[in-house]
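Trainee: Sharing final-v7.cif here; it has mmCIF, C-alpha atoms.
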```cif
data_upload
loop_
_atom_site.label_atom_id
_atom_site.label_comp_id
_atom_site.auth_asym_id
_atom_site.auth_seq_id
_atom_site.Cartn_x
_atom_site.Cartn_y
_atom_site.Cartn_z
CA MET A 1343 -36.72 -67.58 51.57
CA PRO A 1344 -35.14 -70.89 50.48
CA ASP A 1345 -31.91 -70.75 48.50
CA ASP A 1346 -33.48 -72.15 45.34
CA ALA A 1347 -36.42 -69.72 45.29
CA ILE A 1348 -34.67 -67.36 42.84
CA ASN A 1349 -34.77 -68.61 39.26
CA HIS A 1350 -31.39 -68.09 37.62
CA SER A 1351 -32.99 -67.80 34.19
CA THR A 1352 -35.12 -64.81 35.20
CA LEU A 1353 -32.70 -63.06 37.57
CA PRO A 1354 -31.45 -59.88 35.85
CA PRO A 1355 -27.70 -59.33 35.62
CA VAL A 1356 -27.91 -56.18 37.74
CA VAL A 1357 -29.97 -55.63 40.91
CA ASP A 1358 -30.18 -52.72 43.33
CA ALA A 1359 -29.82 -52.53 47.09
CA GLY A 1360 -33.59 -52.64 47.58
CA TRP A 1361 -33.77 -55.94 45.72
CA VAL A 1362 -30.97 -57.34 47.88
CA ARG A 1363 -32.72 -56.34 51.09
CA GLY A 1364 -35.92 -57.95 49.89
CA HIS A 1365 -34.21 -61.27 49.20
CA GLY A 1366 -31.59 -61.26 51.95
CA GLU A 1367 -32.37 -64.66 53.44
CA GLY A 1368 -31.45 -66.50 50.25
CA LEU A 1369 -28.32 -64.62 49.22
CA VAL A 1370 -24.57 -64.70 49.60
CA LEU A 1371 -22.96 -61.30 49.14
CA ALA A 1372 -19.54 -61.44 47.47
CA ASP A 1373 -16.98 -58.64 47.80
CA VAL A 1374 -14.72 -58.81 44.73
CA ARG A 1375 -12.61 -55.73 45.24
CA TRP A 1376 -9.38 -55.69 43.23
CA PHE A 1377 -7.17 -52.75 42.34
CA LEU A 1378 -5.11 -52.25 39.20
CA ASP A 1379 -2.63 -50.13 41.16
CA GLY A 1380 -1.67 -53.04 43.37
CA ARG A 1381 -3.59 -52.16 46.52
CA SER A 1382 -4.91 -55.13 48.45
CA GLY A 1383 -8.56 -55.92 47.84
CA TYR A 1384 -8.55 -58.15 50.89
CA GLU A 1385 -7.28 -55.39 53.16
CA ALA A 1386 -9.99 -53.08 51.81
CA TYR A 1387 -12.55 -55.81 52.50
CA LEU A 1388 -11.38 -56.26 56.10
CA ALA A 1389 -11.57 -52.49 56.67
CA GLY A 1390 -15.25 -52.39 55.72
CA HIS A 1391 -17.65 -54.51 53.67
CA LEU A 1392 -21.35 -55.18 53.33
CA PRO A 1393 -22.77 -57.10 56.30
CA GLY A 1394 -22.22 -60.83 55.87
CA ALA A 1395 -20.21 -60.52 52.65
CA VAL A 1396 -17.41 -62.96 51.85
CA TRP A 1397 -14.32 -61.92 49.92
CA VAL A 1398 -13.61 -63.51 46.53
CA ASP A 1399 -10.09 -63.16 45.16
CA VAL A 1400 -9.84 -62.34 41.44
CA ASP A 1401 -6.32 -63.74 41.21
CA THR A 1402 -6.79 -67.12 42.92
CA VAL A 1403 -10.51 -67.94 42.83
CA LEU A 1404 -11.64 -66.36 39.55
CA SER A 1405 -8.44 -67.09 37.63
CA ALA A 1406 -5.84 -69.76 37.03
CA PRO A 1407 -2.17 -68.76 37.45
CA PRO A 1408 -0.79 -66.45 34.73
CA ASP A 1409 0.36 -68.22 31.61
CA GLU A 1410 2.48 -67.06 28.67
CA THR A 1411 -0.10 -68.16 26.12
CA GLU A 1412 -3.31 -67.84 28.15
CA GLY A 1413 -2.68 -64.39 29.63
CA ARG A 1414 -2.63 -62.82 33.09
CA HIS A 1415 -6.00 -64.15 34.26
CA PRO A 1416 -6.83 -67.43 32.51
CA LEU A 1417 -10.18 -68.97 33.34
CA PRO A 1418 -9.94 -71.08 36.49
CA ASP A 1419 -10.20 -74.84 36.38
CA PRO A 1420 -13.94 -75.59 36.84
CA ALA A 1421 -13.28 -78.06 39.66
CA GLY A 1422 -10.98 -75.66 41.50
CA PHE A 1423 -13.43 -72.80 40.98
CA ALA A 1424 -16.28 -74.85 42.44
CA ARG A 1425 -14.16 -76.02 45.34
CA ALA A 1426 -12.98 -72.48 46.21
CA LEU A 1427 -16.48 -71.02 46.11
CA GLY A 1428 -17.85 -73.93 48.13
CA ALA A 1429 -15.28 -73.20 50.82
CA LEU A 1430 -16.66 -69.64 50.95
CA GLY A 1431 -20.22 -70.89 51.46
CA ILE A 1432 -21.43 -70.64 47.85
CA GLY A 1433 -23.08 -73.90 46.81
CA ASP A 1434 -25.64 -75.41 44.48
CA GLY A 1435 -28.80 -73.33 44.72
CA THR A 1436 -27.07 -70.31 46.26
CA THR A 1437 -27.86 -66.90 44.79
CA VAL A 1438 -24.85 -64.59 44.66
CA VAL A 1439 -24.87 -60.80 44.51
CA ALA A 1440 -21.38 -59.43 43.89
CA TYR A 1441 -19.93 -55.96 44.17
CA ASP A 1442 -16.64 -54.07 44.16
CA ALA A 1443 -15.54 -50.48 44.67
CA ASP A 1444 -15.66 -49.37 41.03
CA GLY A 1445 -19.10 -50.00 39.57
CA GLY A 1446 -18.62 -53.72 38.97
CA PRO A 1447 -15.67 -54.29 36.58
CA TYR A 1448 -14.12 -56.98 38.79
CA ALA A 1449 -17.26 -58.36 40.40
CA ALA A 1450 -18.57 -58.84 36.85
CA ARG A 1451 -16.09 -61.70 36.34
CA LEU A 1452 -17.68 -63.74 39.15
CA VAL A 1453 -21.21 -62.91 38.05
CA TRP A 1454 -20.56 -63.76 34.40
CA LEU A 1455 -18.87 -67.07 35.22
CA LEU A 1456 -21.75 -68.09 37.47
CA ARG A 1457 -24.49 -66.99 35.08
CA ARG A 1458 -22.92 -68.73 32.10
CA THR A 1459 -22.85 -71.99 34.06
CA GLY A 1460 -26.51 -71.80 35.06
CA ARG A 1461 -26.16 -70.20 38.48
CA ALA A 1462 -28.19 -67.36 39.95
CA ALA A 1463 -25.90 -64.32 40.21
CA ALA A 1464 -26.13 -60.57 39.74
CA LEU A 1465 -24.12 -57.39 40.19
CA LEU A 1466 -25.08 -54.92 42.90
CA ASP A 1467 -25.88 -51.72 41.03
CA GLY A 1468 -23.59 -48.94 42.22
CA GLY A 1469 -21.40 -51.32 44.19
CA LEU A 1470 -20.26 -50.64 47.72
CA ALA A 1471 -21.05 -46.92 47.52
CA ALA A 1472 -24.73 -47.61 46.77
CA TRP A 1473 -25.36 -49.58 49.96
CA PRO A 1474 -27.65 -47.46 52.18
CA GLY A 1475 -26.73 -49.09 55.50
CA ALA A 1476 -23.68 -49.52 57.67
CA THR A 1477 -20.75 -51.73 56.73
CA GLU A 1478 -18.92 -54.17 58.98
CA THR A 1479 -15.24 -54.92 59.48
CA GLY A 1480 -13.26 -58.14 59.70
CA GLY A 1481 -13.67 -61.40 57.84
CA VAL A 1482 -16.80 -63.50 57.40
CA ALA A 1483 -16.79 -67.31 57.49
CA LEU A 1484 -19.93 -69.01 56.20
CA PRO A 1485 -20.60 -72.75 56.49
CA GLU A 1486 -18.94 -74.66 53.67
CA ALA A 1487 -21.19 -75.71 50.81
CA ARG A 1488 -20.93 -77.96 47.76
CA LEU A 1489 -20.86 -76.37 44.33
CA THR A 1490 -20.95 -78.92 41.53
CA PRO A 1491 -18.24 -78.25 38.93
CA VAL A 1492 -19.56 -77.26 35.49
CA GLU A 1493 -17.33 -76.99 32.43
CA TRP A 1494 -17.12 -73.55 30.82
CA PRO A 1495 -19.54 -73.58 27.86
CA LYS A 1496 -17.57 -73.44 24.61
CA GLU A 1497 -20.23 -71.31 22.94
CA VAL A 1498 -19.46 -68.33 25.21
CA LEU A 1499 -15.69 -68.41 24.67
CA ARG A 1500 -13.53 -67.52 21.67
CA THR A 1501 -9.88 -68.13 20.82
CA ALA A 1502 -7.36 -65.68 19.41
CA ASP A 1503 -7.76 -67.28 15.98
CA GLU A 1504 -11.51 -66.73 16.11
CA VAL A 1505 -10.93 -63.09 17.09
CA ALA A 1506 -8.50 -62.72 14.19
CA ALA A 1507 -10.90 -64.26 11.68
CA GLY A 1508 -12.71 -60.93 11.31
CA ASP A 1509 -16.19 -62.44 11.26
CA ALA A 1510 -17.36 -60.81 14.50
CA VAL A 1511 -17.86 -57.40 16.04
CA VAL A 1512 -14.89 -57.27 18.43
CA LEU A 1513 -15.17 -54.93 21.42
CA ASP A 1514 -12.28 -53.76 23.60
CA ALA A 1515 -13.46 -53.01 27.15
CA ARG A 1516 -10.28 -51.26 28.30
CA ALA A 1517 -9.92 -47.53 28.84
CA ALA A 1518 -9.60 -45.54 25.62
CA ASP A 1519 -5.96 -44.60 26.24
CA ARG A 1520 -4.97 -48.25 26.59
CA TYR A 1521 -6.93 -49.11 23.44
CA SER A 1522 -5.16 -46.37 21.49
CA GLY A 1523 -1.73 -47.39 22.80
CA GLU A 1524 -1.12 -44.06 24.52
CA THR A 1525 -0.95 -45.85 27.88
CA VAL A 1526 0.57 -49.27 28.42
CA LEU A 1527 0.69 -51.38 31.56
CA PRO A 1528 4.16 -52.55 32.62
CA SER A 1529 2.85 -56.12 32.33
CA ASP A 1530 1.85 -55.69 28.66
CA ILE A 1531 4.35 -56.73 26.00
CA ARG A 1532 3.00 -54.27 23.42
CA SER A 1533 0.51 -51.40 23.45
CA GLY A 1534 -2.51 -50.82 21.22
CA HIS A 1535 -5.46 -53.01 20.26
CA VAL A 1536 -6.54 -55.92 18.11
CA PRO A 1537 -6.87 -54.65 14.51
CA GLY A 1538 -10.54 -54.07 13.76
CA ALA A 1539 -11.62 -54.02 17.40
CA ARG A 1540 -13.79 -51.14 18.53
CA SER A 1541 -13.18 -49.18 21.71
CA ALA A 1542 -15.95 -49.99 24.23
CA PRO A 1543 -14.67 -49.00 27.69
CA TRP A 1544 -16.58 -50.76 30.46
CA SER A 1545 -16.80 -47.43 32.32
CA ALA A 1546 -19.19 -46.10 29.66
CA ASN A 1547 -21.79 -48.59 30.92
CA ILE A 1548 -21.99 -46.52 34.12
CA THR A 1549 -23.75 -43.19 34.63
CA PRO A 1550 -22.05 -40.21 36.34
CA GLU A 1551 -23.92 -41.24 39.49
CA GLY A 1552 -22.12 -44.58 39.50
CA THR A 1553 -25.05 -46.80 38.56
CA PHE A 1554 -25.68 -48.79 35.40
CA ALA A 1555 -27.18 -47.07 32.39
CA THR A 1556 -30.69 -48.19 31.50
CA PRO A 1557 -31.19 -51.11 29.13
CA GLU A 1558 -32.34 -48.66 26.47
CA GLN A 1559 -29.24 -46.49 26.86
CA LEU A 1560 -27.01 -49.53 26.73
CA ARG A 1561 -28.68 -50.88 23.61
CA GLU A 1562 -28.19 -47.52 21.91
CA ARG A 1563 -24.55 -47.50 22.95
CA TYR A 1564 -23.78 -50.94 21.58
CA GLU A 1565 -25.75 -50.41 18.40
CA ALA A 1566 -23.56 -47.36 17.76
CA LEU A 1567 -20.56 -49.69 18.12
CA GLY A 1568 -21.91 -51.91 15.38
CA VAL A 1569 -23.72 -54.53 17.46
CA ARG A 1570 -26.79 -55.60 15.53
CA GLU A 1571 -29.36 -58.34 16.03
CA GLY A 1572 -27.83 -61.66 15.05
CA ALA A 1573 -24.26 -60.35 14.84
CA GLU A 1574 -21.49 -62.35 16.48
CA VAL A 1575 -19.91 -60.29 19.26
CA ILE A 1576 -16.59 -60.98 21.00
CA VAL A 1577 -15.40 -58.92 23.96
CA TYR A 1578 -11.89 -58.66 25.37
CA CYS A 1579 -10.03 -56.39 27.79
CA GLY A 1580 -6.62 -56.49 29.44
CA SER A 1581 -6.85 -60.01 30.81
CA GLY A 1582 -10.45 -61.18 30.50
CA VAL A 1583 -11.82 -59.63 33.71
CA THR A 1584 -13.38 -56.23 32.96
CA ALA A 1585 -14.62 -57.53 29.59
CA CYS A 1586 -17.26 -59.34 31.66
CA HIS A 1587 -18.71 -55.92 32.55
CA ASP A 1588 -19.43 -55.28 28.86
CA LEU A 1589 -20.84 -58.80 28.54
CA LEU A 1590 -23.27 -58.19 31.42
CA ALA A 1591 -24.15 -54.76 30.00
CA LEU A 1592 -24.98 -56.39 26.67
CA GLU A 1593 -27.17 -58.88 28.49
CA ARG A 1594 -28.88 -56.06 30.39
CA ALA A 1595 -29.55 -54.40 27.03
CA GLY A 1596 -31.24 -57.57 25.80
CA ILE A 1597 -28.36 -58.54 23.49
CA THR A 1598 -27.54 -62.19 24.02
CA GLY A 1599 -24.91 -64.55 22.66
CA ALA A 1600 -21.82 -62.36 23.11
CA ALA A 1601 -18.62 -64.26 23.87
CA LEU A 1602 -15.43 -63.64 25.85
CA TYR A 1603 -11.86 -63.90 24.54
CA PRO A 1604 -10.34 -64.99 27.88
CA GLY A 1605 -6.68 -64.33 27.07
CA SER A 1606 -7.54 -60.80 25.97
CA TRP A 1607 -4.80 -58.23 25.38
CA SER A 1608 -2.35 -59.89 27.78
CA ALA A 1609 -2.29 -63.00 25.59
CA TRP A 1610 -2.68 -61.26 22.21
CA SER A 1611 0.14 -58.75 22.78
CA ALA A 1612 2.48 -61.46 24.07
CA ASP A 1613 2.12 -63.43 20.83
CA LEU A 1614 4.46 -61.55 18.52
CA SER A 1615 2.88 -63.19 15.47
CA ARG A 1616 -0.32 -61.23 16.13
CA PRO A 1617 -0.69 -57.79 14.52
CA VAL A 1618 -1.29 -54.71 16.64
CA ALA A 1619 -3.09 -51.48 15.78
CA THR A 1620 -2.77 -48.11 17.54
CA GLY A 1621 -4.77 -44.90 17.55
CA GLN A 1622 -8.39 -44.08 18.29
CA GLU A 1623 -9.84 -45.93 15.29
CA PRO A 1624 -10.26 -49.72 14.89
CA GLY A 1625 -7.34 -49.85 12.44
#
```
Could I get this structure in the form of structure tokens?

Mentor:
Amino acid sequence: MPDDAINHSTLPPVVDAGWVRGHGEGLVLADVRWFLDGRSGYEAYLAGHLPGAVWVDVDTVLSAPPDETEGRHPLPDPAGFARALGALGIGDGTTVVAYDADGGPYAARLVWLLRRTGRAAALLDGGLAAWPGATETGGVALPEARLTPVEWPKEVLRTADEVAAGDAVVLDARAADRYSGETVLPSDIRSGHVPGARSAPWSANITPEGTFATPEQLRERYEALGVREGAEVIVYCGSGVTACHDLLALERAGITGAALYPGSWSAWSADLSRPVATGQEPG
């Protein structure tokens, strides 16, 4: 199957292993394992990954260096992003299916960035654990490709001031105890959440079996959080990575137009002029 045979506009945000096997000739598999506890995603990749998969680093490929005002994982420079992916064998016309070890919260960043810039990309439903075949060890080097840089569309991004304006449904994709302020990462300046934001942990998009909830279940979930047709929706998390899981879940549910606050809590909490709320309610 030629690389450009998959239409990015009709490719769903989540595909299963059967779909991947049926389209294998035209795909690049991307392993985006990253661990909040500091374990090495690259070492985990080398120890066992899907056959032919390349490793994509959240910290250096999917993010710019940490910045006091932009947060822990600012969006990467479009030219650098394109150059890094091209070096991995991801080029114009390539279809990417990404996965990680946790149901997609880190792989979602790659998929969302590619989809929002007109590329064909999807999450592997269930991640590494859902793959029915054997894995392989060691690194994979694909032929270099050219990926044309595309600027991040302004319509899918929001600033801290736009979050603070109060005109949108603001969703916090972090775990509930980080939203409430009960748990705080050592890297966070303050604990809690953006006043008015609603707790929408990315993990609630996943069933107990580790796969994505159905579109109908996801629509019901987000409607209960106040997402209605035509409403402006902004999603944030700790540093703009796992929020992309909620954004893809919204897309899977048929809810389009949601935007990312890239700086997320790491930028908001570091700006001492910004108010902070704690507890289980939006505040």

Trainee: Return as number ranges by chain the set of residues that the PyMOL selection byres ((chain A and resi 1498) around 12) yields on the displayed structure.

Mentor: A: 1454-1455, 1457-1459, 1493-1497, 1499-1501, 1574-1577, 1586, 1589, 1598-1604

Trainee: Please, could you write that set of residues out with C-alpha atoms as a PDB file, in the coordinates of the input?

Mentor:
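Final output, part.pdb:
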```
ATOM      1  CA  TRP A1454     -20.560 -63.760  34.400  1.00  0.00           C
ATOM      2  CA  LEU A1455     -18.870 -67.070  35.220  1.00  0.00           C
ATOM      3  CA  ARG A1457     -24.490 -66.990  35.080  1.00  0.00           C
ATOM      4  CA  ARG A1458     -22.920 -68.730  32.100  1.00  0.00           C
ATOM      5  CA  THR A1459     -22.850 -71.990  34.060  1.00  0.00           C
ATOM      6  CA  GLU A1493     -17.330 -76.990  32.430  1.00  0.00           C
ATOM      7  CA  TRP A1494     -17.120 -73.550  30.820  1.00  0.00           C
ATOM      8  CA  PRO A1495     -19.540 -73.580  27.860  1.00  0.00           C
ATOM      9  CA  LYS A1496     -17.570 -73.440  24.610  1.00  0.00           C
ATOM     10  CA  GLU A1497     -20.230 -71.310  22.940  1.00  0.00           C
ATOM     11  CA  LEU A1499     -15.690 -68.410  24.670  1.00  0.00           C
ATOM     12  CA  ARG A1500     -13.530 -67.520  21.670  1.00  0.00           C
ATOM     13  CA  THR A1501      -9.880 -68.130  20.820  1.00  0.00           C
ATOM     14  CA  GLU A1574     -21.490 -62.350  16.480  1.00  0.00           C
ATOM     15  CA  VAL A1575     -19.910 -60.290  19.260  1.00  0.00           C
ATOM     16  CA  ILE A1576     -16.590 -60.980  21.000  1.00  0.00           C
ATOM     17  CA  VAL A1577     -15.400 -58.920  23.960  1.00  0.00           C
ATOM     18  CA  CYS A1586     -17.260 -59.340  31.660  1.00  0.00           C
ATOM     19  CA  LEU A1589     -20.840 -58.800  28.540  1.00  0.00           C
ATOM     20  CA  THR A1598     -27.540 -62.190  24.020  1.00  0.00           C
ATOM     21  CA  GLY A1599     -24.910 -64.550  22.660  1.00  0.00           C
ATOM     22  CA  ALA A1600     -21.820 -62.360  23.110  1.00  0.00           C
ATOM     23  CA  ALA A1601     -18.620 -64.260  23.870  1.00  0.00           C
ATOM     24  CA  LEU A1602     -15.430 -63.640  25.850  1.00  0.00           C
ATOM     25  CA  TYR A1603     -11.860 -63.900  24.540  1.00  0.00           C
ATOM     26  CA  PRO A1604     -10.340 -64.990  27.880  1.00  0.00           C
TER      27      PRO A1604
END
```

Trainee: Which residues, protein or nucleic acid, reach to within 7 Å of (-27.0, -50.2, 31.1) in the file's coordinates when using only C-alpha atoms, and can you give that as a ChimeraX atom specification?

Mentor: /A:1547-1548,1554-1557,1559-1560,1591,1594-1595

Trainee: Could you check which of A:Gly1469, A:Pro1528, A:Gly1538, A:Gly1475 is closest to A:Ala1440, using only C-alpha atoms?

Mentor: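 Using only C-alpha atoms, A:Ala1440 sits closest to A:Gly1469.
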
Trainee: With only C-alpha atoms as the atoms that count, which of A:Ala1506, A:Ile1531, A:Leu1590, A:Leu1466 lies nearest to A:Ala1359?

Mentor: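 The closest residue to A:Ala1359 is A:Leu1466.
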
Trainee: Between stretch 1452-1543 of chain A and stretch 1411-1424 of chain A, at 7 Å or less, what are the per-residue closest atom pairs and their distances in Å? Count all atoms listed in the file, order by chain and rising residue number, and return it as CSV.

Mentor:
```
residue,atom,partner,partner_atom,distance
A:Leu1489,CA,A:Ala1424,CA,5.2
A:Thr1490,CA,A:Ala1424,CA,6.3
A:Pro1491,CA,A:Ala1421,CA,5.0
A:Val1492,CA,A:Pro1420,CA,6.0
A:Glu1493,CA,A:Pro1420,CA,5.7
```

Trainee: What does the distance between atom CA of A:Thr1525 and atom CA of A:Val1569 come to in Å, to one decimal place?

Mentor: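 Separation between atom CA of A:Thr1525 and atom CA of A:Val1569: 26.5 Å.
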
Trainee: Once the PyMOL selection byres ((chain A and resi 1388) around 12) has been evaluated on this model, what residues remain selected, and can you format them as a PyMOL selection string?

Mentor: chain A and resi 1373+1375+1382-1387+1389-1397+1477-1482

Trainee: Give as a PyMOL selection string the residues that the PyMOL selection byres ((chain A and resi 1522) around 10) matches when applied to the coordinates above.

Mentor: chain A and resi 1516-1521+1523-1526+1533-1535+1541+1619-1625

Trainee: Could you give me, as a PyMOL selection string, the residues within 6 Å of A:Tyr1578, counting all atoms listed in the file and dropping anything in the same chain fewer than 5 positions from it?

Mentor: chain A and resi 1514+1585+1603+1606

Trainee: Using only C-alpha atoms, can you tell me which of A:Pro1474, A:Gly1572, A:Pro1447, A:Pro1543 comes closest to A:Thr1584?

Mentor: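 Ranked by minimum distance to A:Thr1584, first place goes to A:Pro1447.
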
Trainee: Have a look at atom CA of A:Gly1428 and atom CA of A:Ser1608 and let me know their distance in Å, one decimal.

Mentor: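 Atom CA of A:Gly1428 sits 29.2 Å away from atom CA of A:Ser1608.
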
Trainee: Give the answer as one residue: which of A:Trp1361, A:Asp1530, A:Val1618, A:Ala1426 has the shortest atom-to-atom distance to A:Val1403, using all atoms listed in the file?

Mentor: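 Using all atoms listed in the file, the shortest distance to A:Val1403 belongs to A:Ala1426.
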
Trainee: Between A:Pro1485, A:Ala1462, A:Arg1563, A:Asp1503, single out the one closest to A:Asp1613, counting all atoms listed in the file.

Mentor: A:Asp1503
